[in-house]
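To be precise, the following lines are start-v5.tsv, and they hold TSV, C-alpha atoms.
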chain	number	residue	atom	x	y	z
A	35	MET	CA	68.48	79.82	86.24
A	36	ASP	CA	65.81	77.16	85.72
A	37	LEU	CA	63.08	77.74	88.27
A	38	THR	CA	61.72	74.20	88.09
A	39	PRO	CA	62.53	72.69	91.49
A	40	ALA	CA	62.99	69.22	89.99
A	41	SER	CA	66.12	70.48	88.22
A	42	HIS	CA	67.87	71.08	91.55
A	43	ARG	CA	68.86	69.06	94.56
A	44	PHE	CA	65.84	69.19	96.81
A	45	ASP	CA	66.50	71.90	99.36
A	46	GLU	CA	64.04	72.78	102.11
A	47	SER	CA	66.02	75.76	103.41
A	48	GLU	CA	64.73	79.30	103.59
A	49	ARG	CA	67.82	80.47	101.74
A	50	HIS	CA	66.95	78.26	98.76
A	51	ALA	CA	63.46	79.78	98.62
A	52	HIS	CA	65.02	83.24	98.52
A	53	ASP	CA	67.45	82.08	95.80
A	54	LEU	CA	64.55	80.90	93.63
A	55	ASP	CA	62.81	84.24	94.09
A	56	ALA	CA	65.97	86.12	93.13
A	57	ALA	CA	66.19	84.11	89.90
A	58	ASP	CA	62.54	84.70	88.97
A	59	PRO	CA	62.22	86.69	85.71
A	60	LEU	CA	58.72	87.83	86.77
A	61	ARG	CA	59.75	89.14	90.20
A	62	GLY	CA	59.43	92.79	89.09
A	63	PHE	CA	55.67	92.46	88.60
A	64	ARG	CA	55.13	91.95	92.32
A	65	GLU	CA	55.72	95.64	92.98
A	66	ARG	CA	52.73	96.52	90.80
A	67	PHE	CA	50.27	94.71	93.08
A	68	THR	CA	48.99	95.62	96.54
A	69	ALA	CA	48.41	92.90	99.13
A	70	PRO	CA	46.58	93.32	102.44
A	71	GLN	CA	49.13	94.66	104.90
A	72	GLY	CA	51.01	91.99	106.82
A	73	LYS	CA	49.47	89.14	104.79
A	74	ILE	CA	50.83	86.47	102.47
A	75	TYR	CA	48.08	86.36	99.87
A	76	LEU	CA	47.67	82.91	98.26
A	77	LEU	CA	44.09	83.05	97.02
A	78	GLY	CA	44.47	83.97	93.34
A	79	ASN	CA	41.94	81.26	92.44
A	80	SER	CA	39.23	83.18	94.32
A	81	LEU	CA	40.08	86.87	93.96
A	82	GLY	CA	43.26	88.23	92.45
A	83	LEU	CA	45.00	91.22	93.99
A	84	MET	CA	44.66	94.79	92.76
A	85	CYS	CA	47.37	96.05	90.44
A	86	GLU	CA	48.18	99.73	89.93
A	87	ASP	CA	47.40	99.38	86.21
A	88	ALA	CA	43.80	98.40	87.05
A	89	LEU	CA	43.46	101.29	89.50
A	90	ARG	CA	44.55	103.78	86.83
A	91	GLU	CA	41.91	102.51	84.41
A	92	VAL	CA	39.14	102.97	86.99
A	93	GLN	CA	40.39	106.46	87.72
A	94	ARG	CA	40.43	107.22	83.98
A	95	VAL	CA	36.78	106.19	83.58
A	96	MET	CA	35.78	108.21	86.65
A	97	VAL	CA	37.45	111.31	85.19
A	98	GLU	CA	35.69	110.72	81.86
A	99	TRP	CA	32.37	110.44	83.68
A	100	GLU	CA	33.11	113.65	85.56
A	101	ARG	CA	34.13	115.59	82.44
A	102	ASN	CA	31.86	114.18	79.77
A	103	GLY	CA	28.78	112.81	81.48
A	104	VAL	CA	26.75	110.81	78.99
A	105	GLY	CA	29.13	111.90	76.24
A	106	GLY	CA	31.61	109.33	77.49
A	107	TRP	CA	29.74	106.66	75.60
A	108	PHE	CA	31.00	108.06	72.28
A	109	GLU	CA	33.72	110.64	73.04
A	110	GLY	CA	37.44	110.32	73.65
A	111	ASP	CA	40.06	107.79	72.60
A	112	GLN	CA	38.21	104.90	74.27
A	113	PRO	CA	34.44	105.36	73.92
A	114	TRP	CA	32.52	103.35	76.48
A	115	VAL	CA	30.17	101.94	73.84
A	116	SER	CA	32.91	99.63	72.53
A	117	MET	CA	34.59	98.80	75.84
A	118	ALA	CA	33.31	95.20	75.93
A	119	GLU	CA	34.62	94.42	72.46
A	120	ARG	CA	38.00	96.06	73.17
A	121	LEU	CA	38.46	93.91	76.25
A	122	GLY	CA	37.43	90.85	74.25
A	123	SER	CA	40.10	91.60	71.66
A	124	MET	CA	42.71	92.01	74.40
A	125	CYS	CA	41.74	88.73	76.06
A	126	ALA	CA	41.36	86.70	72.85
A	127	PRO	CA	45.08	85.86	72.36
A	128	ILE	CA	45.33	84.72	75.99
A	129	MET	CA	42.59	82.19	75.22
A	130	GLY	CA	43.69	81.20	71.72
A	131	ALA	CA	40.73	82.82	70.01
A	132	LYS	CA	40.09	85.32	67.21
A	133	HIS	CA	39.50	88.91	68.25
A	134	ASP	CA	35.76	88.88	67.51
A	135	GLU	CA	35.04	85.56	69.27
A	136	VAL	CA	35.47	86.98	72.79
A	137	VAL	CA	33.58	89.72	74.59
A	138	ALA	CA	33.57	90.99	78.19
A	139	THR	CA	30.01	90.86	79.42
A	140	GLY	CA	27.69	89.73	82.20
A	141	THR	CA	28.76	87.17	84.76
A	142	THR	CA	29.88	83.58	84.31
A	143	THR	CA	26.52	82.05	85.17
A	144	VAL	CA	24.59	84.55	83.05
A	145	ASN	CA	26.91	83.74	80.14
A	146	ILE	CA	26.31	80.01	80.60
A	147	HIS	CA	22.57	80.65	80.34
A	148	SER	CA	23.06	82.84	77.28
A	149	LEU	CA	25.25	80.39	75.37
A	150	VAL	CA	23.57	77.15	76.39
A	151	SER	CA	20.12	78.56	75.60
A	152	THR	CA	21.40	79.20	72.07
A	153	LEU	CA	23.56	76.13	71.44
A	154	PHE	CA	21.58	73.39	73.23
A	155	THR	CA	19.06	72.21	70.65
A	156	PRO	CA	17.55	68.90	71.79
A	157	SER	CA	16.09	66.80	69.02
A	158	GLY	CA	14.48	63.38	69.24
A	159	HIS	CA	16.35	61.11	71.61
A	160	ARG	CA	19.38	63.46	71.63
A	161	ASP	CA	18.11	65.63	74.46
A	162	CYS	CA	20.65	65.43	77.29
A	163	ILE	CA	23.41	67.63	78.68
A	164	LEU	CA	26.56	65.92	79.95
A	165	ALA	CA	28.53	67.48	82.81
A	166	ASP	CA	30.43	66.07	85.80
A	167	GLU	CA	29.65	65.69	89.49
A	168	LEU	CA	32.69	67.75	90.60
A	169	ASN	CA	31.65	70.75	88.51
A	170	PHE	CA	31.11	74.08	90.27
A	171	PRO	CA	27.52	73.94	91.61
A	172	SER	CA	26.47	77.21	89.94
A	173	ASP	CA	27.15	75.66	86.53
A	174	LEU	CA	24.99	72.67	87.37
A	175	TYR	CA	22.19	74.95	88.58
A	176	ALA	CA	22.27	76.80	85.25
A	177	LEU	CA	22.31	73.59	83.17
A	178	ALA	CA	19.40	72.17	85.16
A	179	GLY	CA	17.49	75.42	84.63
A	180	GLN	CA	18.05	75.27	80.89
A	181	LEU	CA	16.65	71.76	80.80
A	182	ARG	CA	13.56	72.78	82.78
A	183	LEU	CA	12.93	75.67	80.39
A	184	ARG	CA	12.59	73.04	77.67
A	185	GLY	CA	10.26	70.87	79.72
A	186	LEU	CA	12.99	68.31	80.45
A	187	ASP	CA	13.62	66.81	83.89
A	188	PRO	CA	17.25	67.32	85.03
A	189	CYS	CA	17.04	64.03	86.94
A	190	ASP	CA	16.79	62.26	83.60
A	191	HIS	CA	18.50	64.67	81.20
A	192	LEU	CA	21.45	66.11	83.12
A	193	LEU	CA	24.03	63.33	82.98
A	194	LEU	CA	26.94	63.60	85.41
A	195	ALA	CA	30.24	61.81	84.95
A	196	ARG	CA	31.22	60.36	88.30
A	197	SER	CA	34.55	60.72	90.06
A	198	ARG	CA	36.34	57.52	91.04
A	199	ASP	CA	37.91	59.03	94.15
A	200	GLY	CA	36.08	62.28	94.92
A	201	ARG	CA	39.06	64.33	93.69
A	202	PHE	CA	39.50	63.83	89.96
A	203	ILE	CA	37.50	63.25	86.80
A	204	GLU	CA	38.94	60.76	84.30
A	205	GLU	CA	38.57	61.83	80.68
A	206	GLU	CA	37.80	58.30	79.53
A	207	ASP	CA	34.85	58.16	81.93
A	208	VAL	CA	33.44	61.35	80.41
A	209	ILE	CA	33.98	60.09	76.87
A	210	ASP	CA	32.27	56.78	77.70
A	211	MET	CA	29.17	58.82	78.63
A	212	MET	CA	29.11	60.65	75.29
A	213	THR	CA	26.30	58.48	73.98
A	214	ASP	CA	23.79	59.33	71.27
A	215	ARG	CA	21.52	60.83	73.98
A	216	VAL	CA	23.90	63.76	74.52
A	217	ALA	CA	23.42	67.04	72.64
A	218	LEU	CA	25.76	69.28	74.65
A	219	VAL	CA	28.81	68.72	76.87
A	220	HIS	CA	29.72	71.28	79.54
A	221	LEU	CA	32.87	70.74	81.61
A	222	PRO	CA	35.34	72.69	83.74
A	223	SER	CA	38.86	73.31	82.53
A	224	VAL	CA	40.10	72.84	86.12
A	225	VAL	CA	38.30	70.97	88.89
A	226	TYR	CA	37.81	73.72	91.46
A	227	ARG	CA	38.46	71.62	94.58
A	228	SER	CA	41.46	69.49	93.63
A	229	GLY	CA	43.10	71.66	90.98
A	230	GLN	CA	43.03	68.90	88.35
A	231	LEU	CA	43.46	70.24	84.81
A	232	LEU	CA	41.31	68.36	82.31
A	233	ASP	CA	42.55	67.54	78.81
A	234	MET	CA	40.32	70.02	77.01
A	235	GLU	CA	41.70	69.18	73.59
A	236	ARG	CA	40.95	65.47	73.97
A	237	LEU	CA	37.47	66.04	75.38
A	238	ALA	CA	36.54	68.62	72.74
A	239	ARG	CA	37.70	66.32	69.95
A	240	ALA	CA	35.70	63.40	71.32
A	241	ALA	CA	32.54	65.50	71.60
A	242	ARG	CA	32.88	67.04	68.16
A	243	GLU	CA	33.50	63.60	66.58
A	244	ARG	CA	30.17	62.52	68.05
A	245	GLY	CA	28.29	65.57	66.77
A	246	MET	CA	27.93	67.24	70.17
A	247	VAL	CA	28.30	70.87	71.14
A	248	VAL	CA	31.13	71.24	73.67
A	249	GLY	CA	31.86	74.11	76.05
A	250	PHE	CA	34.15	74.77	79.01
A	251	ASP	CA	34.04	76.84	82.17
A	252	CYS	CA	37.57	78.27	82.24
A	253	CYS	CA	37.25	80.34	85.43
A	254	HIS	CA	40.11	78.45	87.10
A	255	SER	CA	42.44	78.49	84.09
A	256	ALA	CA	41.99	81.87	82.35
A	257	GLY	CA	45.08	83.95	83.05
A	258	LEU	CA	46.89	80.91	84.43
A	259	LEU	CA	47.84	78.89	81.36
A	260	PRO	CA	47.77	79.23	77.56
A	261	HIS	CA	44.56	78.11	75.86
A	262	ARG	CA	43.90	77.21	72.21
A	263	LEU	CA	40.12	77.32	72.02
A	264	ASP	CA	40.06	77.69	68.24
A	265	ASP	CA	42.64	74.97	67.62
A	266	TRP	CA	40.78	72.63	69.97
A	267	ASP	CA	37.57	73.33	68.02
A	268	VAL	CA	35.62	74.28	71.15
A	269	ASP	CA	32.11	75.62	70.54
A	270	TYR	CA	31.90	77.98	73.53
A	271	ALA	CA	33.61	78.92	76.76
A	272	VAL	CA	32.98	81.19	79.74
A	273	TRP	CA	35.27	82.59	82.42
A	274	CYS	CA	35.32	85.24	85.09
A	275	SER	CA	37.94	87.99	85.27
A	276	TYR	CA	38.47	88.32	89.02
A	277	LYS	CA	40.63	85.25	89.70
A	278	TYR	CA	43.94	84.88	87.86
A	279	LEU	CA	43.04	87.74	85.50
A	280	ASN	CA	42.99	90.13	88.50
A	281	GLY	CA	40.06	92.18	87.18
A	282	GLY	CA	38.61	93.03	90.58
A	283	PRO	CA	35.64	91.89	92.70
A	284	GLY	CA	32.49	91.53	90.66
A	285	ALA	CA	34.28	92.51	87.44
A	286	SER	CA	32.67	91.62	84.13
A	287	ALA	CA	33.04	88.06	82.90
A	288	PHE	CA	33.94	86.86	79.39
A	289	LEU	CA	32.36	84.59	76.87
A	290	TYR	CA	33.79	82.90	73.79
A	291	ILE	CA	31.72	81.60	70.91
A	292	ASN	CA	33.26	79.99	67.84
A	293	ARG	CA	32.72	81.88	64.59
A	294	ARG	CA	30.79	78.99	63.10
A	295	HIS	CA	27.91	79.95	65.40
A	296	PHE	CA	27.81	83.68	64.63
A	297	ASP	CA	24.68	83.32	62.52
A	298	ARG	CA	22.79	81.55	65.31
A	299	VAL	CA	20.20	83.82	66.89
A	300	PRO	CA	20.95	84.47	70.60
A	301	MET	CA	18.10	83.07	72.67
A	302	LEU	CA	18.57	85.61	75.48
A	303	PRO	CA	18.79	88.75	73.36
A	304	GLY	CA	19.36	92.22	74.70
A	305	TRP	CA	19.85	95.61	73.13
A	306	PHE	CA	23.62	95.68	73.52
A	307	GLY	CA	23.86	92.62	71.32
A	308	TYR	CA	22.19	94.48	68.46
A	309	GLU	CA	24.11	95.05	65.22
A	310	LYS	CA	26.51	97.78	66.29
A	311	ARG	CA	26.05	100.31	63.49
A	312	ARG	CA	22.27	100.27	63.93
A	313	GLN	CA	22.02	99.78	67.68
A	314	PHE	CA	20.50	103.19	68.36
A	315	GLU	CA	17.84	102.92	65.67
A	316	MET	CA	15.75	101.19	68.35
A	317	ASN	CA	14.14	98.77	65.91
A	318	THR	CA	11.65	96.34	67.41
A	319	HIS	CA	13.05	93.41	65.39
A	320	PHE	CA	16.32	92.06	66.86
A	321	GLU	CA	19.32	91.80	64.52
A	322	HIS	CA	22.34	90.62	66.43
A	323	GLN	CA	25.95	91.55	65.88
A	324	ARG	CA	27.72	88.73	63.99
A	325	SER	CA	30.40	88.33	66.64
A	326	ALA	CA	30.67	87.37	70.30
A	327	GLY	CA	29.27	90.84	70.95
A	328	GLY	CA	25.90	89.61	69.71
A	329	TRP	CA	25.54	87.63	72.95
A	330	GLN	CA	25.70	90.72	75.14
A	331	ILE	CA	22.44	91.31	76.95
A	332	SER	CA	22.79	94.62	78.73
A	333	SER	CA	25.00	97.69	78.73
A	334	PRO	CA	28.52	97.01	80.03
A	335	THR	CA	29.20	97.91	83.64
A	336	LEU	CA	31.96	100.42	83.02
A	337	LEU	CA	33.34	100.50	86.55
A	338	GLY	CA	33.34	96.69	86.57
A	339	ALA	CA	35.04	96.49	83.19
A	340	ALA	CA	37.63	99.28	83.41
A	341	PRO	CA	40.06	97.52	85.80
A	342	ILE	CA	40.18	94.49	83.52
A	343	GLN	CA	41.89	96.55	80.86
A	344	GLY	CA	44.80	97.42	83.15
A	345	ALA	CA	45.02	93.88	84.50
A	346	LEU	CA	45.06	92.34	81.02
A	347	ARG	CA	47.83	94.72	80.01
A	348	VAL	CA	49.99	93.32	82.82
A	349	ILE	CA	49.28	89.71	81.83
A	350	LEU	CA	50.09	90.35	78.18
A	351	GLU	CA	53.31	92.05	79.23
A	352	ALA	CA	54.33	89.11	81.41
A	353	GLY	CA	53.36	86.51	78.78
A	354	MET	CA	51.27	83.41	79.32
A	355	GLU	CA	54.14	80.99	78.76
A	356	ARG	CA	56.22	82.59	81.52
A	357	ILE	CA	53.20	82.80	83.81
A	358	ARG	CA	52.47	79.10	83.34
A	359	HIS	CA	56.13	78.10	83.79
A	360	LYS	CA	56.40	79.89	87.11
A	361	SER	CA	53.01	78.63	88.31
A	362	LEU	CA	54.05	75.02	87.76
A	363	ALA	CA	57.39	75.68	89.43
A	364	MET	CA	55.70	77.13	92.52
A	365	THR	CA	53.10	74.39	92.87
A	366	SER	CA	55.74	71.70	92.32
A	367	TYR	CA	57.88	73.31	95.02
A	368	LEU	CA	55.00	73.41	97.50
A	369	MET	CA	53.97	69.82	96.78
A	370	ARG	CA	57.51	68.50	97.27
A	371	MET	CA	57.87	70.41	100.51
A	372	VAL	CA	54.57	69.01	101.84
A	373	ASP	CA	55.44	65.47	100.73
A	374	ALA	CA	58.69	65.73	102.72
A	375	LEU	CA	56.88	66.49	106.00
A	376	PRO	CA	57.07	63.54	108.41
A	377	ASP	CA	53.52	62.16	108.69
A	378	GLY	CA	52.19	65.28	106.99
A	379	GLY	CA	53.22	67.61	109.81
A	380	ARG	CA	51.07	68.38	112.83
A	381	PHE	CA	47.88	68.51	110.76
A	382	GLY	CA	48.45	65.23	108.91
A	383	VAL	CA	48.44	66.99	105.54
A	384	LYS	CA	48.79	65.31	102.17
A	385	VAL	CA	48.57	66.67	98.64
A	386	GLY	CA	45.28	66.11	96.81
A	387	THR	CA	46.36	67.65	93.49
A	388	PRO	CA	47.82	65.75	90.49
A	389	ALA	CA	51.60	65.41	90.57
A	390	ASP	CA	51.77	65.41	86.76
A	391	PRO	CA	52.22	69.06	85.65
A	392	ALA	CA	50.16	68.41	82.51
A	393	ARG	CA	47.19	67.57	84.72
A	394	ARG	CA	47.57	70.38	87.23
A	395	GLY	CA	45.96	73.81	87.29
A	396	GLY	CA	47.25	76.61	89.48
A	397	HIS	CA	46.32	75.71	93.03
A	398	VAL	CA	47.32	72.94	95.41
A	399	ALA	CA	44.70	71.15	97.48
A	400	LEU	CA	46.05	70.25	100.91
A	401	GLU	CA	43.99	67.53	102.57
A	402	SER	CA	44.07	67.35	106.36
A	403	SER	CA	43.45	64.03	108.09
A	404	GLY	CA	42.27	65.98	111.12
A	405	ASP	CA	40.25	69.14	111.52
A	406	GLY	CA	40.51	71.18	108.34
A	407	MET	CA	39.13	74.26	110.06
A	408	SER	CA	41.92	74.13	112.65
A	409	LEU	CA	44.49	74.06	109.85
A	410	PHE	CA	42.77	76.97	108.15
A	411	GLU	CA	42.74	78.96	111.38
A	412	ALA	CA	46.43	78.22	112.02
A	413	LEU	CA	47.37	79.53	108.58
A	414	THR	CA	45.11	82.55	109.01
A	415	CYS	CA	46.64	83.40	112.38
A	416	ASP	CA	50.06	83.38	110.74
A	417	GLY	CA	48.85	85.93	108.16
A	418	ILE	CA	48.49	83.44	105.30
A	419	VAL	CA	45.39	83.99	103.17
A	420	VAL	CA	44.03	80.72	101.73
A	421	ASP	CA	40.56	79.15	101.72
A	422	HIS	CA	38.86	76.15	103.28
A	423	ARG	CA	36.63	73.69	101.46
A	424	PRO	CA	34.90	71.44	104.03
A	425	PRO	CA	35.54	69.04	105.45
A	426	GLY	CA	39.32	69.16	105.25
A	427	ILE	CA	40.64	70.79	102.07
A	428	ILE	CA	42.81	73.90	102.08
A	429	ARG	CA	43.40	75.47	98.67
A	430	VAL	CA	46.69	77.29	98.22
A	431	ALA	CA	46.73	79.31	94.99
A	432	PRO	CA	49.93	81.27	94.29
A	433	SER	CA	49.92	83.84	91.51
A	434	SER	CA	52.91	84.06	89.19
A	435	LEU	CA	52.61	87.85	89.15
A	436	TYR	CA	52.68	88.64	92.86
A	437	ASN	CA	53.76	85.53	94.79
A	438	GLY	CA	57.15	83.90	95.29
A	439	PHE	CA	58.70	80.71	96.61
A	440	HIS	CA	59.35	82.17	100.04
A	441	ASP	CA	55.59	82.69	100.46
A	442	LEU	CA	55.15	78.94	100.03
A	443	TRP	CA	58.07	78.18	102.33
A	444	ARG	CA	56.18	80.10	105.03
A	445	VAL	CA	53.09	77.92	104.50
A	446	VAL	CA	55.11	74.77	105.07
A	447	GLN	CA	56.55	76.13	108.30
A	448	VAL	CA	53.02	76.39	109.70
A	449	LEU	CA	52.32	72.82	108.60
A	450	ARG	CA	55.55	71.65	110.17
Target format structure tokens, applied to this file:
Amino acid sequence: MDLTPASHRFDESERHAHDLDAADPLRGFRERFTAPQGKIYLLGNSLGLMCEDALREVQRVMVEWERNGVGGWFEGDQPWVSMAERLGSMCAPIMGAKHDEVVATGTTTVNIHSLVSTLFTPSGHRDCILADELNFPSDLYALAGQLRLRGLDPCDHLLLARSRDGRFIEEEDVIDMMTDRVALVHLPSVVYRSGQLLDMERLARAARERGMVVGFDCCHSAGLLPHRLDDWDVDYAVWCSYKYLNGGPGASAFLYINRRHFDRVPMLPGWFGYEKRRQFEMNTHFEHQRSAGGWQISSPTLLGAAPIQGALRVILEAGMERIRHKSLAMTSYLMRMVDALPDGGRFGVKVGTPADPARRGGHVALESSGDGMSLFEALTCDGIVVDHRPPGIIRVAPSSLYNGFHDLWRVVQVLR
């Protein structure tokens, strides 16, 4: 059965929602996740739920710590010393990258600093970074900091593509700002408020044609949709692991750096980025690993990395194509249900997310014409876990692995 709601007569009934769930080829994965008791959890774009596979990996590392002590770094089938690279290899196919171009390390913002400090090389009049005004604020803080470290004023050298409507960024507006002043372009894959998916391939091609370094923050797309970072000729990317990748709160983040940059010297070096075979020689001269691992700064946080291994195993088992197909089906279903509400229901809700599936990430932004906090509280009181972005945006983010159509049907009943 095709899960795409557009292929069926539009049916708002509860029975139809149950029928769609029964036809879902991914429905078996739901049993491997644990949701807060009595809650419908629709916040995968903020923190994914715990899966039993992730729990087992944490327990495994705890047992290794108990049994081996410091020996765990080099003993056993999975020595801790290479954990970050193993996770990078597991995540690489999800992101369309080679196994040595991805590593699990640091946090998203730390990884932005690490990569931009290396790849942003202002020269002459080409001394600006181009981003967008709807970007996640932490990214903009990091980019501004990198400019200040080079004695450049962010007011003059951090260029922000403007939104025409406060919701979306138009690719042509970004490309128009790719002038000969720009050395590096840093953009989100998905606009975190509205759920708009940017055309990463088009933007990367435009930047590369103009001789600019281009990177993406993929926090709101990693684990949600297939990526082809190598094919798109992206220079770098960063993403966290605790949203759609379900790696757990505060879990290690990931970075991607294209192989063409492996010989660049990391500008924020640390001992865990040292050439692996000689890492414990403790030489005073830094020689970095010629891989994404060279951009590690500190030792991996084992208890923050272990759950990612189990969570990635689940995602690889489910398959990114099936995950993306179901995600689009669920968001399309929710959007059609909301659009059918007379006058947007009692909260005057309308959809603020692109209708075109090719331009949509994994969450739906519901915009209330009234008090957004009242809508948020109404959903919360009904046991529905979403989030509120002032003044009136509610983000509903179903996960293909642990949510179903009936969860979304319940949301609409509150709106009605």
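The residue that comes closest to Trp443 (chain A), out of A:Leu368, A:Gln230, A:Trp266, A:Asp214 and on the basis of all atoms listed in the file, is A:Leu368.
The space separating CA of Pro113 (chain A) from CA of Leu289 (chain A) comes to 21.1 Å.
Proximity to Gly82 (chain A) was assessed for A:Ser116, A:Ser275, A:Gln313, A:Ser157 counting all atoms listed in the file; the smallest distance is recorded for A:Ser275.
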Counting only C-alpha atoms, which residues in region 307-338 of chain A sit no more than 10 Å from region 92-95 of chain A? For each one, give the nearest pair of atoms and the distance in Å, sorted by chain then residue number, as a Markdown table.
| residue | atom | partner | partner_atom | distance |
| --- | --- | --- | --- | --- |
| A:Leu336 | CA | A:Val95 | CA | 7.5 |
| A:Leu337 | CA | A:Val92 | CA | 6.3 |
| A:Gly338 | CA | A:Val92 | CA | 8.6 |
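Those residues that approach Asn169 (chain A) to within 9 Å, counting all atoms listed in the file, are Ala165, Asp173, Leu174, Leu221, Pro222, Val225 and Tyr226 of chain A; same-chain residues fewer than 4 positions away are not listed.
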Nearest to Val448 (chain A) by atom-to-atom distance, counting only C-alpha atoms, from A:Met234, A:Ala340, A:Ala412, A:Ile128: A:Ala412
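Taking CA of Thr141 (chain A) and CA of Ser286 (chain A) as the two end points, the separation is 6.0 Å.
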Spatial neighbours of Glu167 (chain A), max dist 12 Å, all atoms listed in the file, sep filter under 5 positions, as a PyMOL selection string: chain A and resi 172-175+192-204+207-208+220-222+225-227
Those selected residues, please, written with C-alpha atoms and delivered as a PDB file, in the frame of the given file.
ATOM      1  CA  SER A 172      26.470  77.210  89.940  1.00  0.00           C
ATOM      2  CA  ASP A 173      27.150  75.660  86.530  1.00  0.00           C
ATOM      3  CA  LEU A 174      24.990  72.670  87.370  1.00  0.00           C
ATOM      4  CA  TYR A 175      22.190  74.950  88.580  1.00  0.00           C
ATOM      5  CA  LEU A 192      21.450  66.110  83.120  1.00  0.00           C
ATOM      6  CA  LEU A 193      24.030  63.330  82.980  1.00  0.00           C
ATOM      7  CA  LEU A 194      26.940  63.600  85.410  1.00  0.00           C
ATOM      8  CA  ALA A 195      30.240  61.810  84.950  1.00  0.00           C
ATOM      9  CA  ARG A 196      31.220  60.360  88.300  1.00  0.00           C
ATOM     10  CA  SER A 197      34.550  60.720  90.060  1.00  0.00           C
ATOM     11  CA  ARG A 198      36.340  57.520  91.040  1.00  0.00           C
ATOM     12  CA  ASP A 199      37.910  59.030  94.150  1.00  0.00           C
ATOM     13  CA  GLY A 200      36.080  62.280  94.920  1.00  0.00           C
ATOM     14  CA  ARG A 201      39.060  64.330  93.690  1.00  0.00           C
ATOM     15  CA  PHE A 202      39.500  63.830  89.960  1.00  0.00           C
ATOM     16  CA  ILE A 203      37.500  63.250  86.800  1.00  0.00           C
ATOM     17  CA  GLU A 204      38.940  60.760  84.300  1.00  0.00           C
ATOM     18  CA  ASP A 207      34.850  58.160  81.930  1.00  0.00           C
ATOM     19  CA  VAL A 208      33.440  61.350  80.410  1.00  0.00           C
ATOM     20  CA  HIS A 220      29.720  71.280  79.540  1.00  0.00           C
ATOM     21  CA  LEU A 221      32.870  70.740  81.610  1.00  0.00           C
ATOM     22  CA  PRO A 222      35.340  72.690  83.740  1.00  0.00           C
ATOM     23  CA  VAL A 225      38.300  70.970  88.890  1.00  0.00           C
ATOM     24  CA  TYR A 226      37.810  73.720  91.460  1.00  0.00           C
ATOM     25  CA  ARG A 227      38.460  71.620  94.580  1.00  0.00           C
TER      26      ARG A 227
END
Each region 79-114 of chain A residue no farther than 12 Å from region 61-65 of chain A, nearest pair in Å, all atoms listed in the file, as CSV:
residue,atom,partner,partner_atom,distance
A:Leu83,CA,A:Arg64,CA,10.3
A:Met84,CA,A:Arg64,CA,10.9
A:Cys85,CA,A:Glu65,CA,8.7
A:Glu86,CA,A:Glu65,CA,9.1
A:Asp87,CA,A:Phe63,CA,11.0
Contacts of Ile74 (chain A) at 10 Å (all atoms listed in the file; same-chain gap of 3+ positions) as a ChimeraX atom specification: /A:69-71,77,413-414,416-420,432,437-438,440-442,444-445
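Of the listed residues A:Arg394, A:Gly185, A:Ala363, A:Met129, the one whose atoms come nearest to Asp233 (chain A) is A:Arg394, with distances taken using only C-alpha atoms.
From CA of Ala285 (chain A) back to CA of Pro341 (chain A), the distance works out to 7.8 Å.
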Kindly reconstruct region 347-354 of chain A with N, CA, C and O atoms and present the result as a PDB file, in the frame of the given file.
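Generated file (result.pdb):
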ATOM      1  N   ARG A 347      46.580  94.148  80.524  1.00  0.00           N
ATOM      2  CA  ARG A 347      47.830  94.720  80.010  1.00  0.00           C
ATOM      3  C   ARG A 347      49.032  94.113  80.731  1.00  0.00           C
ATOM      4  O   ARG A 347      50.066  93.815  80.114  1.00  0.00           O
ATOM      5  N   VAL A 348      48.903  93.915  82.036  1.00  0.00           N
ATOM      6  CA  VAL A 348      49.990  93.320  82.820  1.00  0.00           C
ATOM      7  C   VAL A 348      50.227  91.874  82.394  1.00  0.00           C
ATOM      8  O   VAL A 348      51.375  91.439  82.209  1.00  0.00           O
ATOM      9  N   ILE A 349      49.148  91.120  82.217  1.00  0.00           N
ATOM     10  CA  ILE A 349      49.280  89.710  81.830  1.00  0.00           C
ATOM     11  C   ILE A 349      49.919  89.574  80.459  1.00  0.00           C
ATOM     12  O   ILE A 349      50.804  88.733  80.243  1.00  0.00           O
ATOM     13  N   LEU A 350      49.499  90.403  79.521  1.00  0.00           N
ATOM     14  CA  LEU A 350      50.090  90.350  78.180  1.00  0.00           C
ATOM     15  C   LEU A 350      51.562  90.730  78.216  1.00  0.00           C
ATOM     16  O   LEU A 350      52.374  90.181  77.463  1.00  0.00           O
ATOM     17  N   GLU A 351      51.915  91.657  79.083  1.00  0.00           N
ATOM     18  CA  GLU A 351      53.310  92.050  79.230  1.00  0.00           C
ATOM     19  C   GLU A 351      54.138  90.900  79.805  1.00  0.00           C
ATOM     20  O   GLU A 351      55.267  90.634  79.359  1.00  0.00           O
ATOM     21  N   ALA A 352      53.596  90.217  80.798  1.00  0.00           N
ATOM     22  CA  ALA A 352      54.330  89.110  81.410  1.00  0.00           C
ATOM     23  C   ALA A 352      54.429  87.913  80.472  1.00  0.00           C
ATOM     24  O   ALA A 352      55.465  87.235  80.436  1.00  0.00           O
ATOM     25  N   GLY A 353      53.368  87.634  79.726  1.00  0.00           N
ATOM     26  CA  GLY A 353      53.360  86.510  78.780  1.00  0.00           C
ATOM     27  C   GLY A 353      52.845  85.241  79.424  1.00  0.00           C
ATOM     28  O   GLY A 353      53.292  84.836  80.494  1.00  0.00           O
ATOM     29  N   MET A 354      51.890  84.596  78.746  1.00  0.00           N
ATOM     30  CA  MET A 354      51.270  83.410  79.320  1.00  0.00           C
ATOM     31  C   MET A 354      52.239  82.262  79.498  1.00  0.00           C
ATOM     32  O   MET A 354      52.129  81.480  80.456  1.00  0.00           O
TER      33      MET A 354
END
